[in-house]
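Below is the file upload19.cif, which contains mmCIF, C-alpha atoms.
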data_entry
loop_
_atom_site.label_atom_id
_atom_site.label_comp_id
_atom_site.auth_asym_id
_atom_site.auth_seq_id
_atom_site.Cartn_x
_atom_site.Cartn_y
_atom_site.Cartn_z
CA MET A 1 0.00 0.00 0.00
CA ALA A 2 1.63 3.21 -1.14
CA GLN A 3 2.28 5.87 1.44
CA LYS A 4 3.57 8.78 -0.61
CA GLY A 5 1.47 11.87 -0.08
CA LEU A 6 -0.69 10.37 2.65
CA SER A 7 -0.37 13.41 4.88
CA HIS A 8 -2.52 15.38 2.41
CA ASP A 9 -5.52 13.26 3.39
CA VAL A 10 -4.97 13.40 7.16
CA MET A 11 -7.43 15.70 8.89
CA GLU A 12 -7.57 17.08 12.38
CA ALA A 13 -10.82 17.60 14.30
CA ALA A 14 -11.78 19.86 17.18
CA ALA A 15 -13.28 16.82 18.94
CA PRO A 16 -12.81 13.08 18.34
CA PHE A 17 -15.15 10.88 16.35
CA THR A 18 -15.46 7.57 18.14
CA ASP A 19 -16.13 5.23 15.22
CA LEU A 20 -14.53 4.63 11.84
CA GLN A 21 -17.62 5.56 9.81
CA ASN A 22 -17.65 9.12 11.18
CA CYS A 23 -13.89 9.43 10.60
CA LEU A 24 -14.32 8.42 6.97
CA ALA A 25 -17.31 10.73 6.53
CA ARG A 26 -15.03 13.72 7.10
CA LYS A 27 -13.04 12.88 3.96
CA THR A 28 -13.92 14.28 0.55
CA ILE A 29 -15.00 12.00 -2.28
CA PRO A 30 -11.57 12.33 -4.06
CA GLN A 31 -9.87 11.40 -0.80
CA LEU A 32 -12.15 8.39 -0.36
CA ARG A 33 -11.53 7.26 -3.94
CA ARG A 34 -7.78 7.53 -3.38
CA LEU A 35 -8.16 5.46 -0.22
CA ALA A 36 -10.23 2.84 -2.08
CA ALA A 37 -7.51 2.65 -4.75
CA ASN A 38 -4.83 2.13 -2.09
CA LEU A 39 -6.94 -0.67 -0.62
CA HIS A 40 -7.36 -2.19 -4.12
CA LEU A 41 -11.16 -2.07 -3.84
CA ASN A 42 -12.68 -2.65 -7.27
CA GLY A 43 -16.02 -1.38 -8.55
CA THR A 44 -16.10 1.76 -6.40
CA SER A 45 -15.64 4.44 -9.07
CA LYS A 46 -19.37 5.18 -9.45
CA LEU A 47 -20.47 4.81 -5.84
CA ARG A 48 -22.02 7.70 -3.98
CA LYS A 49 -20.22 8.97 -0.92
CA ASN A 50 -22.22 7.04 1.69
CA GLU A 51 -21.95 3.83 -0.34
CA LEU A 52 -18.21 4.37 -0.80
CA ILE A 53 -17.76 4.94 2.94
CA GLY A 54 -19.59 1.70 3.66
CA VAL A 55 -17.41 -0.35 1.32
CA ILE A 56 -14.18 1.15 2.70
CA ARG A 57 -15.33 0.76 6.31
CA ASN A 58 -16.21 -2.90 5.83
CA ASP A 59 -12.79 -3.58 4.33
CA LEU A 60 -10.87 -1.68 7.02
CA LEU A 61 -12.72 -3.53 9.79
CA ARG A 62 -11.66 -6.93 8.51
CA PRO A 63 -9.22 -8.39 11.08
CA GLU A 64 -6.91 -9.58 8.28
CA ARG A 65 -6.78 -6.03 6.86
CA LEU A 66 -5.85 -4.50 10.23
CA GLU A 67 -3.32 -7.28 10.81
CA ALA A 68 -1.67 -6.67 7.43
CA VAL A 69 -1.43 -2.93 8.09
CA LEU A 70 0.04 -3.45 11.57
CA TYR A 71 2.61 -5.91 10.22
CA GLY A 72 3.82 -3.28 7.76
CA LEU A 73 4.29 -0.52 10.34
CA GLU A 74 7.70 0.85 11.16
CA GLU A 75 8.64 0.54 14.83
CA PRO A 76 7.77 4.17 15.84
CA GLU A 77 4.29 3.93 14.27
CA TRP A 78 3.70 0.51 15.84
CA ILE A 79 4.62 1.80 19.30
CA LEU A 80 2.39 4.85 18.82
CA PHE A 81 -0.57 2.71 17.77
CA GLN A 82 -0.20 0.45 20.79
CA LYS A 83 -0.17 3.43 23.13
CA CYS A 84 -3.19 4.99 21.45
CA ALA A 85 -5.14 1.72 21.47
CA ALA A 86 -4.55 1.40 25.22
CA ALA A 87 -5.98 4.86 26.05
CA ASP A 88 -9.20 6.74 25.45
CA ALA A 89 -7.12 9.62 24.08
CA TYR A 90 -3.34 9.67 23.76
CA PRO A 91 -1.57 13.07 23.91
CA LEU A 92 1.17 13.69 21.37
CA LYS A 93 4.37 15.26 22.64
CA THR A 94 5.02 16.99 19.31
CA ALA A 95 2.84 17.68 16.30
CA ALA A 96 5.22 15.66 14.11
CA GLN A 97 5.06 12.53 16.28
CA GLY A 98 2.53 10.65 14.19
CA MET A 99 0.66 12.69 11.59
CA GLU A 100 2.56 11.52 8.49
CA GLY A 101 1.79 7.80 8.61
CA ILE A 102 -0.56 5.27 7.07
CA LEU A 103 -2.70 4.96 10.21
CA PRO A 104 -4.28 8.45 10.11
CA PHE A 105 -4.72 8.11 6.35
CA LEU A 106 -6.79 4.95 6.83
CA GLY A 107 -8.71 6.32 9.80
CA TYR A 108 -7.19 3.84 12.26
CA LEU A 109 -5.93 6.87 14.17
CA GLN A 110 -7.70 10.22 14.36
CA ALA A 111 -6.13 13.47 15.54
CA PHE A 112 -7.98 16.15 17.43
CA GLN A 113 -7.24 19.30 19.41
CA HIS A 114 -8.23 19.96 23.01
CA GLU A 115 -7.07 22.96 25.05
CA ASN A 116 -4.25 23.64 22.59
CA ARG A 117 -2.96 20.08 22.83
CA GLN A 118 -3.03 17.43 20.14
CA PHE A 119 -4.42 13.97 20.87
CA TYR A 120 -4.95 10.73 19.00
CA VAL A 121 -7.80 8.29 19.40
CA VAL A 122 -8.34 4.84 17.93
CA PRO A 123 -12.00 4.53 16.85
CA LYS A 124 -13.88 2.18 19.15
CA ASP A 125 -14.71 -0.35 16.42
CA VAL A 126 -11.07 -0.48 15.33
CA ARG A 127 -9.95 -0.81 18.95
CA ALA A 128 -12.33 -3.74 19.48
CA ILE A 129 -10.84 -5.64 16.53
CA TYR A 130 -7.30 -4.89 17.69
CA GLN A 131 -8.05 -6.16 21.19
CA GLU A 132 -9.16 -9.49 19.70
CA LEU A 133 -6.14 -9.52 17.42
CA ALA A 134 -3.51 -8.61 20.02
CA THR A 135 -2.90 -12.08 21.36
CA ALA A 136 0.51 -13.16 22.62
CA SER A 137 1.12 -15.06 19.39
CA PHE A 138 0.33 -12.03 17.22
CA LEU A 139 2.58 -9.76 19.28
CA ALA A 140 5.37 -12.33 19.04
CA ARG A 141 4.92 -12.55 15.24
CA LYS A 142 4.96 -8.76 14.98
CA LYS A 143 8.14 -8.58 17.05
CA ARG A 144 9.75 -11.15 14.77
CA ASP A 145 8.58 -9.25 11.68
CA ASN A 146 10.08 -6.03 13.05
CA LEU A 147 13.41 -7.75 13.68
CA ILE A 148 13.63 -9.18 10.15
CA HIS A 149 12.67 -5.82 8.65
CA SER A 150 15.28 -4.04 10.79
CA TYR A 151 17.99 -6.37 9.49
CA ALA A 152 16.89 -5.66 5.90
CA MET A 153 16.92 -1.90 6.46
CA ALA A 154 20.30 -2.05 8.19
CA ALA A 155 21.78 -4.11 5.36
CA VAL A 156 20.71 -1.78 2.54
CA ASN A 157 21.79 1.31 4.49
CA LEU A 158 25.19 -0.20 5.26
CA TYR A 159 25.88 -2.06 2.00
CA GLY A 160 23.51 -0.58 -0.60
CA VAL A 161 23.00 -4.05 -2.10
CA ILE A 162 23.01 -7.55 -0.61
CA ARG A 163 21.99 -11.00 -1.77
CA GLN A 164 18.97 -12.34 0.07
CA ASP A 165 20.88 -15.46 1.12
CA ASP A 166 23.71 -13.29 2.50
CA LEU A 167 21.15 -11.37 4.57
CA ILE A 168 19.85 -14.70 5.90
CA THR A 169 23.41 -15.72 6.79
CA ILE A 170 24.02 -12.51 8.75
CA PHE A 171 20.68 -12.82 10.55
CA ASN A 172 21.28 -16.45 11.49
CA SER A 173 24.79 -15.73 12.77
CA GLN A 174 23.36 -13.24 15.28
CA ASN A 175 20.06 -14.84 16.30
CA SER A 176 19.17 -18.19 17.84
CA LYS A 177 15.84 -18.55 16.01
CA LYS A 178 16.94 -19.09 12.45
CA LEU A 179 15.54 -17.39 9.35
CA ALA A 180 14.73 -19.16 6.09
CA GLU A 181 13.85 -17.79 2.65
CA ALA A 182 10.25 -18.93 3.09
CA GLU A 183 9.92 -16.52 6.03
CA LEU A 184 12.12 -13.73 4.67
CA PHE A 185 10.45 -13.24 1.30
CA PRO A 186 6.86 -12.51 2.44
CA THR A 187 8.18 -10.28 5.22
CA LEU A 188 10.15 -8.20 2.73
CA LEU A 189 7.15 -7.96 0.40
CA ARG A 190 4.90 -6.67 3.19
CA HIS A 191 7.28 -3.82 3.93
CA ILE A 192 8.12 -3.11 0.29
CA ALA A 193 4.39 -2.59 -0.28
CA SER A 194 4.63 0.24 2.28
CA MET A 195 7.56 1.84 0.41
CA CYS A 196 9.91 1.18 3.30
CA GLY A 197 13.34 2.02 1.89
CA TYR A 198 14.39 -1.15 0.06
CA VAL A 199 13.26 -3.09 -3.00
CA LEU A 200 14.00 -6.45 -4.62
CA TRP A 201 16.13 -6.70 -7.75
CA GLU A 202 16.84 -10.19 -9.08
CA GLU A 203 18.27 -12.15 -6.12
CA TYR A 204 19.32 -8.96 -4.33
CA LEU A 205 17.82 -6.63 -1.78
CA VAL A 206 18.82 -3.09 -2.77
CA HIS A 207 18.44 0.47 -1.49
CA HIS A 208 15.31 2.08 -2.95
CA GLY A 209 17.44 4.89 -4.43
CA PHE A 210 18.51 2.53 -7.21
CA GLU A 211 14.97 2.64 -8.63
CA GLU A 212 15.60 6.17 -9.90
CA ASN A 213 17.54 4.95 -12.94
CA GLU A 214 15.91 1.52 -13.19
CA PHE A 215 18.69 -0.26 -11.24
CA ARG A 216 21.39 0.44 -13.84
CA ASP A 217 23.86 1.41 -11.08
CA VAL A 218 23.49 -1.86 -9.17
CA ALA A 219 25.73 -3.85 -11.52
CA ASP A 220 28.38 -1.12 -11.34
CA LEU A 221 28.28 -1.17 -7.54
CA LEU A 222 28.62 -4.96 -7.47
CA THR A 223 31.67 -4.69 -9.74
CA ARG A 224 33.26 -2.09 -7.47
CA ILE A 225 32.59 -4.23 -4.39
CA GLY A 226 34.27 -7.20 -6.05
CA SER A 227 35.80 -9.53 -3.48
CA LYS A 228 36.22 -7.00 -0.67
CA PRO A 229 35.45 -8.62 2.69
CA ARG A 230 32.12 -7.56 4.17
CA TYR A 231 32.06 -5.53 7.36
CA ILE A 232 29.62 -7.15 9.80
CA PRO A 233 29.43 -5.46 13.22
CA PRO A 234 27.87 -7.15 16.27
CA LYS A 235 24.07 -7.24 16.39
CA PRO A 236 23.50 -4.08 18.49
CA GLU A 237 25.73 -1.99 16.20
CA PHE A 238 24.41 -3.62 13.02
CA LEU A 239 20.81 -2.78 13.88
CA LYS A 240 21.67 0.89 14.42
CA TYR A 241 22.01 1.12 10.62
CA ALA A 242 18.27 0.44 10.30
CA ASP A 243 18.00 4.19 10.96
CA ILE A 244 18.72 5.87 7.63
CA ASP A 245 20.34 8.83 9.41
CA TYR A 246 22.73 6.74 11.51
CA TYR A 247 26.47 7.03 10.97
CA GLU A 248 29.35 5.71 13.02
CA GLU A 249 30.78 8.19 15.49
CA THR A 250 34.46 8.91 14.85
CA ALA A 251 36.97 11.52 15.96
CA ALA A 252 36.32 13.40 12.70
CA THR A 253 32.52 13.40 13.06
CA LEU A 254 32.83 14.64 16.64
CA LEU A 255 35.09 17.47 15.50
CA MET A 256 32.68 18.43 12.71
CA GLU A 257 29.69 18.36 15.05
CA GLN A 258 31.58 20.50 17.55
CA TYR A 259 32.51 23.01 14.85
CA LEU A 260 28.92 23.29 13.61
CA ARG A 261 27.52 23.64 17.09
CA ARG A 262 30.14 25.84 18.76
CA ASP A 263 31.61 27.92 15.92
CA MET A 264 28.57 28.08 13.63
CA GLY A 265 25.96 28.26 16.40
CA LEU A 266 23.71 25.54 14.93
CA SER A 267 21.02 23.86 17.00
CA HIS A 268 21.15 20.16 17.78
CA GLU A 269 18.52 19.44 15.08
CA ASP A 270 20.38 21.51 12.46
CA VAL A 271 23.68 19.81 13.28
CA ASN A 272 22.06 16.41 12.77
CA ALA A 273 20.56 17.51 9.45
CA VAL A 274 23.87 18.83 8.11
CA MET A 275 25.80 15.76 9.27
CA SER A 276 23.24 13.49 7.64
CA GLU A 277 23.64 15.34 4.32
CA LEU A 278 27.43 15.17 4.53
CA HIS A 279 27.41 11.49 5.45
CA PHE A 280 25.14 10.53 2.55
CA ALA A 281 27.27 12.52 0.11
CA MET A 282 30.39 10.72 1.33
CA LEU A 283 28.57 7.39 1.15
CA LEU A 284 27.86 8.07 -2.53
CA GLU A 285 31.47 9.18 -3.05
CA VAL A 286 30.65 12.51 -4.66
CA ARG A 287 33.44 14.91 -5.62
CA PRO A 288 34.97 16.28 -2.40
CA VAL A 289 34.18 19.87 -3.38
CA GLU A 290 30.50 18.94 -3.05
CA TYR A 291 30.94 18.77 0.72
CA LEU A 292 31.61 22.49 0.69
CA ASN A 293 28.61 23.05 -1.55
CA ILE A 294 26.44 21.23 0.98
CA LEU A 295 27.69 23.50 3.75
CA ARG A 296 27.07 26.58 1.63
CA ASP A 297 23.55 25.38 0.76
CA CYS A 298 22.91 25.03 4.49
CA LYS A 299 23.95 28.70 4.95
CA ILE A 300 27.20 27.72 6.65
CA PHE A 301 29.88 30.17 5.56
CA ILE A 302 33.41 29.23 6.56
CA SER A 303 35.88 31.96 7.45
CA ARG A 304 39.26 32.14 5.78
CA LYS A 305 41.09 31.17 8.95
CA ASP A 306 38.89 28.06 9.44
CA LEU A 307 38.87 26.87 5.84
CA GLN A 308 41.85 24.52 5.93
CA ILE A 309 40.82 23.08 9.29
CA VAL A 310 37.36 22.27 7.94
CA LEU A 311 38.84 20.75 4.78
CA ASP A 312 41.04 18.47 6.87
CA ILE A 313 38.09 17.37 9.02
CA LEU A 314 35.97 16.64 5.93
CA SER A 315 38.82 14.64 4.42
CA GLU A 316 39.16 12.47 7.51
CA MET A 317 35.39 12.06 7.70
CA ALA A 318 35.40 10.74 4.13
CA ASN A 319 38.22 8.33 4.95
CA SER A 320 36.29 6.95 7.94
CA THR A 321 32.88 6.63 6.23
CA ARG A 322 31.57 3.12 5.62
CA LEU A 323 31.10 2.90 1.88
CA TRP A 324 28.77 0.73 -0.18
CA SER A 325 31.57 0.18 -2.70
CA ASN A 326 33.79 -1.15 0.11
CA ASN A 327 31.16 -3.65 1.34
CA GLY A 328 30.60 -1.53 4.44
CA ARG A 329 34.26 -0.88 5.17
CA THR A 330 35.91 2.53 5.35
CA PRO A 331 38.66 3.71 2.99
CA ASN A 332 41.02 3.65 5.97
CA GLU A 333 40.17 -0.01 6.65
CA ILE A 334 40.59 -1.01 3.01
CA PHE A 335 43.92 0.79 2.90
CA GLU A 336 45.12 -1.10 5.97
CA LEU A 337 43.80 -4.43 4.72
CA TYR A 338 45.56 -4.22 1.37
CA GLU A 339 48.30 -1.72 2.21
CA GLN A 340 47.81 -0.13 -1.21
CA PRO A 341 47.16 3.60 -1.20
CA ARG A 342 45.48 3.35 -4.59
CA LEU A 343 42.42 1.67 -3.05
CA ASN A 344 40.17 4.59 -2.19
CA LYS A 345 42.50 6.10 0.43
CA LEU A 346 41.98 9.85 0.38
CA PRO A 347 45.11 11.76 1.38
CA SER A 348 44.91 14.53 3.96
CA LYS A 349 43.78 17.87 2.57
CA THR A 350 42.40 16.16 -0.55
CA VAL A 351 39.39 18.49 -0.74
CA LYS A 352 40.38 21.00 -3.40
CA VAL A 353 38.56 24.11 -4.47
CA GLY A 354 38.95 25.18 -8.09
CA ARG A 355 40.25 28.70 -8.61
CA ASN A 356 37.11 29.62 -10.53
CA ASP A 357 34.72 27.98 -8.02
CA LEU A 358 32.72 30.08 -5.59
CA CYS A 359 34.69 30.60 -2.42
CA PRO A 360 33.45 28.35 0.41
CA CYS A 361 33.65 31.26 2.83
CA GLY A 362 30.36 32.50 1.37
CA SER A 363 31.58 35.84 0.06
CA GLY A 364 30.06 35.22 -3.37
CA LYS A 365 33.43 35.84 -5.03
CA LYS A 366 35.50 33.35 -6.99
CA TYR A 367 38.00 31.44 -4.86
CA LYS A 368 40.98 32.94 -6.74
CA LYS A 369 39.80 36.46 -5.87
CA CYS A 370 39.05 35.72 -2.22
CA CYS A 371 40.55 33.07 0.10
CA GLY A 372 42.65 31.64 -2.72
CA ARG A 373 44.71 34.80 -3.23
#

Could you show the structure in this file as structure tokens?
Amino acid sequence: MAQKGLSHDVMEAAAPFTDLQNCLARKTIPQLRRLAANLHLNGTSKLRKNELIGVIRNDLLRPERLEAVLYGLEEPEWILFQKCAAADAYPLKTAAQGMEGILPFLGYLQAFQHENRQFYVVPKDVRAIYQELATASFLARKKRDNLIHSYAMAAVNLYGVIRQDDLITIFNSQNSKKLAEAELFPTLLRHIASMCGYVLWEEYLVHHGFEENEFRDVADLLTRIGSKPRYIPPKPEFLKYADIDYYEETAATLLMEQYLRRDMGLSHEDVNAVMSELHFAMLLEVRPVEYLNILRDCKIFISRKDLQIVLDILSEMANSTRLWSNNGRTPNEIFELYEQPRLNKLPSKTVKVGRNDLCPCGSGKKYKKCCGR
């Protein structure tokens, strides 16, 4: 079930509606038709609004429909739903805590305002079905599903591409209850249907970014990986990579974070955003000058006296980034393994600024007429 653009159909009420029918009645006919299409409900194109609501409601209140949706939830959404289902009204700590997901789109969660606070409720008919569904066996299956999905997400974020049987090998080396292809494949399909961050390509699980050019870059990446030994951290560290914004903390990343926070005055959230952009650029092995472009795009203007220091930090960050082309290893690690400086090792101060490029200090002048004089 596609989730792109779902937030456009999420509505907020001044008071909660306690059943699914009333939640659906607040949607417009185009919104209801979009919902019916996402649910793959045929023969609804000519239905009047009340008839359309009835068909959608009946489908959404099927236990197997709710179970399928809950299986496909990411961990934060799953935790939020459990909390909301256990309370008459669950207060959100921040407005962004849950509004963007599939659950409000379907009507399984409804937002409302009370005394300037935002709350969620699970409609009573939905809650009744969930209470019957939420047996110990279901919760155990959902926990298992989450674990398998987390391994898949971690693998594509760390490696970019991985054979399904290699993913099974990693999972089985770190867990006592073994995983087989018969269990892996349907689990992956459930989450792929929710546009989770990975897709299948031949016998591989690959990062969803490869879809942009119809997977033409996958073969090139596999060639570049070649026979390089795979980096496989222990389970707790491996699963951290399930978060797309996670990167390994190094001396260089700490220095860069400190510079952005202390010298540039960025907030904690802005530091994280900039570091995430830099990390992904290094992961994709863009030209080093692009790091400076990222900083400039983020309105970070480096003074002349700080320029070389920042270049050195960026260079060391790049050398300590776990690359897809290195099978999850850093350039530093590959250099040490093979003791050949030609293998991706970036020398200190490798970030060069062309004389005709814009100066990274933010002056708007060419480098040769500013810091490069």

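Between atom CA of Leu311 of chain A and atom CA of Glu277 of chain A the separation is 16.1 Å.
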
Phe210 of chain A environment, 10 Å, all atoms listed in the file, sequence neighbours closer than 2 positions dropped, as a ChimeraX atom specification: /A:160-161,198-199,201,206-208,212-218

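Selection by the PyMOL selection byres ((chain A and resi 186) around 12) on the present file picks out A:Ala68, A:Tyr71, A:Gly72, A:Asp145, A:Ile148, A:His149, A:Ala180, A:Glu181, A:Ala182, A:Glu183, A:Leu184, A:Phe185, A:Thr187, A:Leu188, A:Leu189, A:Arg190, A:His191, A:Ile192, A:Ala193, A:Leu200.
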
Could you dump the residues just selected with C-alpha atoms as an mmCIF file, in the coordinates of the input?
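Output below, filename result27.cif:
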data_model
loop_
_atom_site.group_PDB
_atom_site.id
_atom_site.type_symbol
_atom_site.label_atom_id
_atom_site.label_comp_id
_atom_site.auth_asym_id
_atom_site.auth_seq_id
_atom_site.Cartn_x
_atom_site.Cartn_y
_atom_site.Cartn_z
ATOM 1 C CA ALA A 68 -1.670 -6.670 7.430
ATOM 2 C CA TYR A 71 2.610 -5.910 10.220
ATOM 3 C CA GLY A 72 3.820 -3.280 7.760
ATOM 4 C CA ASP A 145 8.580 -9.250 11.680
ATOM 5 C CA ILE A 148 13.630 -9.180 10.150
ATOM 6 C CA HIS A 149 12.670 -5.820 8.650
ATOM 7 C CA ALA A 180 14.730 -19.160 6.090
ATOM 8 C CA GLU A 181 13.850 -17.790 2.650
ATOM 9 C CA ALA A 182 10.250 -18.930 3.090
ATOM 10 C CA GLU A 183 9.920 -16.520 6.030
ATOM 11 C CA LEU A 184 12.120 -13.730 4.670
ATOM 12 C CA PHE A 185 10.450 -13.240 1.300
ATOM 13 C CA THR A 187 8.180 -10.280 5.220
ATOM 14 C CA LEU A 188 10.150 -8.200 2.730
ATOM 15 C CA LEU A 189 7.150 -7.960 0.400
ATOM 16 C CA ARG A 190 4.900 -6.670 3.190
ATOM 17 C CA HIS A 191 7.280 -3.820 3.930
ATOM 18 C CA ILE A 192 8.120 -3.110 0.290
ATOM 19 C CA ALA A 193 4.390 -2.590 -0.280
ATOM 20 C CA LEU A 200 14.000 -6.450 -4.620
#

Computed interatomic separation between atom CA of Ile232 of chain A and atom CA of Ile79 of chain A (Å): 28.2 Å

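Put simply, atom CA of Glu336 of chain A is 15.1 Å away from atom CA of Leu323 of chain A.
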
Residue with smallest distance to Leu73 of chain A - pool A:Gly54, A:Gly101, A:Gly43, A:Gly209, counting all atoms listed in the file: A:Gly101

Which residue of A:Thr28, A:Thr253, A:Asn327, A:Ser173 approaches Ser276 of chain A most closely, using only C-alpha atoms: A:Thr253

Per residue of segment 135-246 of chain A within 12 Å of segment 102-114 of chain A, what are the shortest atom pair and its distance in Å to one decimal, counting only C-alpha atoms, with rows by chain and residue number, as JSON lines?
{"residue": "A:Ala193", "atom": "CA", "partner": "A:Ile102", "partner_atom": "CA", "distance": 11.8}
{"residue": "A:Ser194", "atom": "CA", "partner": "A:Ile102", "partner_atom": "CA", "distance": 8.7}
{"residue": "A:Met195", "atom": "CA", "partner": "A:Ile102", "partner_atom": "CA", "distance": 11.0}
{"residue": "A:Cys196", "atom": "CA", "partner": "A:Ile102", "partner_atom": "CA", "distance": 11.9}

Picked residues, the PyMOL selection byres ((chain A and resi 280) around 12), expected as a PyMOL selection string: chain A and resi 157-158+160+209+244-247+273-279+281-286+290-291+294+317-318+321-324

Hits of the PyMOL selection byres ((chain A and resi 255) around 12) in this structure, as a list in words: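 Selected by the PyMOL selection byres ((chain A and resi 255) around 12) in this file: Glu249, Thr250, Ala251, Ala252, Thr253, Leu254, Met256, Glu257, Gln258, Tyr259, Leu260, Arg261, Arg262, Asp263, Val271, Met275, Ile309, Val310, Leu311, Asp312, Ile313, Leu314, Glu316 and Met317 of chain A.
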
Residues of segment 54-150 of chain A within 12 Å of segment 46-50 of chain A: nearest atom pair and distance (Å, one decimal) for each, counting all atoms listed in the file, sorted by chain and number, as a tab-separated table?
residue	atom	partner	partner_atom	distance
A:Gly54	CA	A:Asn50	CA	6.3
A:Val55	CA	A:Asn50	CA	8.8
A:Ile56	CA	A:Asn50	CA	10.0
A:Arg57	CA	A:Asn50	CA	10.4

Neighbour list for Arg33 of chain A as a VMD selection string, cut-off 9 Å, only C-alpha atoms, skip fewer than 4 positions in-chain: chain A and resid 28 to 29 37 to 38 44 to 45 52

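Among the candidate residues A:Leu133, A:Leu205, A:Ala155, A:Leu307, the one lying nearest to Glu64 of chain A is A:Leu133, with distances computed using all atoms listed in the file.
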
Using all atoms listed in the file: which of A:Leu41, A:Leu35, A:Gly197, A:Gln82 has the shortest distance to Glu211 of chain A: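 Checking each of A:Leu41, A:Leu35, A:Gly197, A:Gln82 against Glu211 of chain A, counting all atoms listed in the file, the winner is A:Gly197.
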